[in-house]
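Worksheet: one structure, shown below.
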Amino acid sequence: MPDSPRHNLPAEPNRFVGRERDLDDLCRMFGDARVVTLCGVGGIGKTRLALRVAARLVPSYSGGVWLVELARINRPELVVREIARVLGVPEEHTRPLLDTVAARLRGTHCLLLLDNCEHLVDKCAEVSAELVASCRRLSILATSREPLRIASELVWRVPPLDLPELDAPDAEAALLFRDRAAAAGTRLGPESQADVVRLCRALDGLPLALELAAARTSLLNPGEIADRIDDRFSLLTTGERTAPARQRTLRAAVEWSHDLLSAKEQVLLRRLSVFAGSFDLDLAEQVCAERPISGAEIVDLLGGLVDKSLVSCDESRRRYRLLETIKRFGAERLAAAGEREAVRDRHLHVLCELMQRHFTVELTERRLPWARRLAALTASRTLLDDQRAALDWAIESGNASPGLRLCFRSTGLLPVSGLTEIVGWVERLLALDLSQVSVHQIALAKAYLAYGLEARDELPRSLELATESLPGLAADRFRACVVHNLLVMVLLRLGRAEEALHHAVRCLAVATAAGDHWNQAAGLAGLSAVALVRGRLREAQRHGEEALERAREHGHRWILARVATQLGAVAEARGDLVTAMGHYEAAVTWLRELGTGVELARCLARAGRVAALLHEFATARERLAASLSLSRCTGQRQGVARCLVGLSVLSEAEGDLEAAVLAAAAAATLRESIGQHSATTRIEELLARARAKLGEGRTFLLWSRGRTMSPADAAQRVLDGERPATAGRAPRTRPAPVPHSVLTAREREIAGLLTRGLSNRAIAEELVISPATVARHIANIMEKLGYTSRAQIAVWAAEHPEASA
């Protein structure tokens, strides 16, 4: 006689993909737990995972593993009857059927798989609790949108499949999509990789959605499917004919879950669709509490949606989010209910008020610890996606005023957070009807636009808008000071130091009168920058040190980093490279804490250049490569130009003068393309040294070639290109001492003047010679002393005052 079957599990219809860690963990759980419930939204793969677990556990249960499919059962009283049918237990007229089932299972070591319990969850919980209590060797594996909530239950939240990245394209979601596409007759090559990644991420790694999308590859390629995925409920409608009706289309799967909600849960779910990113309970209460839902009900209703797997939460249960598919379904329901405009208006206005509070704490409130300021900035960044959604709505609804208010209050959208997207938002809002927008708001809009444009290197337009904005900001001292300081930066970058001085003085005066430490520090840093450009190093140092005191009183890492960077520039001009490196490294630490890209890239480039001058080549290369990567990611052409200058210094310090000329030429071309005043003194000195070593013709050819090279090619030439054999020698932190007698009297005189930080032109005026002659003398000094920069000469002259007397 053949052995009795030990399970009734169906054969797998296709290959099981992924979830190996989940399988291992779940199988181990049955050593301790007797009831495990797999919970998750429709289409997440609960049934398939449960069947796989059950199949692995068959050898562990001598009494068998038995699947009870409940999806087609529509009345609670039929649950026990279906279990009895599967187990082959006949009904006894004189005994409750559940008792008969319990008697059959008592003493038997077996596993029941109760699949799709959500629509009968109360009855399933009751039956499971009674069976587990009376059958000590029985285990139950259940699948449901929500837990059974019985005493012995362990809940396992089934996650979406792991999502791929462009540099890691073989995650679970992509493997499943490719496998199912192959089953549909479509072989996907490497050229489709980026589109597959995009599609998997758009579908949140939801297995059902991925399988339905894969079925579409017989008609559309992955890119075409991804382009149409906004209309996913119409597109993903080709499930297997033999699948349950709720699994044949994506819409049916979501509707199955939605229809099991209470009326108020359905209202909350559709209103939650206005959130673009994660949200917390407080935000949900402010935006979603409107008839028929009160604020007091939100917490319980939201908890119910989490339990039913339609809303996910983090481990702290403080932040919540909807899968994109659920969000789009909710948005459809919100529009159908006629609530879209009202709820999105509330979302916009609530964010305006919230961002105002964060702005005040982060920037304008006095004497707060850094931890509180950082928390405000972090909160603003956390809600960036929601701010973008709210701004989209302001533009779509033609409501410019609240949209502009949100822009003015969101530091998360500003370059202080490493972003420059404020430009696009303000431009779109200013294109709307502004008849209801105040003069002050329009002035602010121009100011914020100018602020973003400076970070994007659009200097002439930034200057124009910042200047236009000032008259309308007379009563707004904080932002007026910000604009004055912005003008200092723009004017200095355009080579207009005298005009910059006026705005630095004005910024400091207004900020001092208001007791505004942020703008006091900024104004003093501006005065230091102007003094540095004019060659007044002691004045630049004094203003920089005062700026650092004010910055410390405020405590924000961004203003501290900005002042430290300025002090680094002053130290560098004095020839004190070690001190300069210290200031730059401090600023790098603060900026990394902030996570800001633009300023961090700038500071890394400066640190890299100084490290090169100190012959710390490995550090220089690491800092410059990191800066270049950040500048490319944020689209900062000025940042790329700054890196090229640093790479030019590094090349020369390593002995590759040709690469130094190429990088400098590429930097000069890039700077000219953005209208920036070039650092002509450094270029003159480099070219003088190149002519002395390489000859006039070779230097001219290199410069011409560099002017036509792409910034990427010029940078790569330094970072990865071949360098002379001398480049492989051990680095030295300071060039070897050289007797001063090798210098002529004129050269010693010029070396002494370099300790004052004077430019070639200033030295020429003092000695009544031409700047070109000064450049030649400096090139000769470098040749004789073995140095690569005027800063090194200044350090040498300061340490040998008798040589430059």
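Identifiers in this document derive from the order of the structure tokens: chains are assigned A, B, ..., residues are numbered from 1 separately in each chain, and ligands are numbered from 1 in order of occurrence.
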Could you list, as number ranges by chain, every residue within 12 Å of Leu261 (chain A), counting only C-alpha atoms and ignoring same-chain residues fewer than 3 positions away? A: 118-119, 145-146, 254-258, 264-270, 301-302, 304-310
Neighbouring residues of Arg21 (chain A) were defined as those with any atom within 12 Å, considering only C-alpha atoms; residues of the same chain fewer than 5 positions away were excluded. Please report them as a ChimeraX atom specification. /A:26-28,49,53,158-159,161-162,172
Would you give me, as a PyMOL selection string, the residues in region 399-643 of chain A that DSSP reads as helix (DSSP H, G or I)? chain A and resi 400-409+411-413+415-417+422-430+439-455+459-473+477-493+497-514+517-533+537-554+557-574+577-594+597-613+617-633+637-643
Close residues, Ser397 (chain A) itself excluded, 12 Å, only C-alpha atoms, min 5 positions apart in chain, as an NGL selection string: :A and (340-342 or 344-345 or 348 or 390-392 or 402-403 or 429 or 432-433)
Could you dump the residues just selected with C-alpha atoms as a PDB file, in the first residue's frame?
```
ATOM      1  CA  ARG A 340      -8.511  66.806  -3.976  1.00  0.00           C
ATOM      2  CA  GLU A 341      -8.451  70.608  -3.995  1.00  0.00           C
ATOM      3  CA  ALA A 342      -9.353  71.048  -0.329  1.00  0.00           C
ATOM      4  CA  ARG A 344      -4.011  69.672  -1.196  1.00  0.00           C
ATOM      5  CA  ASP A 345      -4.699  73.275  -0.113  1.00  0.00           C
ATOM      6  CA  LEU A 348       0.284  73.457   1.277  1.00  0.00           C
ATOM      7  CA  ALA A 390       2.986  71.365  -2.277  1.00  0.00           C
ATOM      8  CA  LEU A 391       4.813  73.728  -4.635  1.00  0.00           C
ATOM      9  CA  ASP A 392       3.591  71.727  -7.613  1.00  0.00           C
ATOM     10  CA  PRO A 402       1.523  80.529  -0.424  1.00  0.00           C
ATOM     11  CA  GLY A 403       3.920  78.891  -2.863  1.00  0.00           C
ATOM     12  CA  LEU A 429       5.807  80.905  -9.301  1.00  0.00           C
ATOM     13  CA  LEU A 432       1.802  83.131 -12.375  1.00  0.00           C
ATOM     14  CA  ASP A 433      -0.703  85.935 -11.808  1.00  0.00           C
TER      15      ASP A 433
END
```
Counting only C-alpha atoms, which of A:Asp32, A:Ala151, A:Gly608, A:Leu114 gets nearest to Val645 (chain A)?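 Closest to Val645 (chain A) of all the choices is A:Gly608.
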Fewer than 2 positions away in the same chain doesn't count, so skip those; otherwise give me all residues within 9 Å of region 663-673 of chain A, counting only C-alpha atoms, as a PyMOL selection string. chain A and resi 637-638+640-649+651+658-661+675-680+683+686+702-711+714-715+717-718
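Shortest separation to Ala497 (chain A) among A:Ser528, A:Ser316, A:Gln566, A:Ser278 occurs at residue A:Ser528, atoms counted being only C-alpha atoms.
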Rank A:Thr249, A:Ser312, A:Gln436, A:Gln792 by their smallest atom-to-atom distance to Pro160 (chain A), using only C-alpha atoms, and report the top residue only. A:Ser312
Show which residues sit within 12 Å of Glu783 (chain A), as an MDAnalysis selection string. Count only C-alpha atoms, and ignore same-chain residues fewer than 3 positions away. chainID A and resid 685:686 688:693 738 742:743 747 776:780 786:790 793
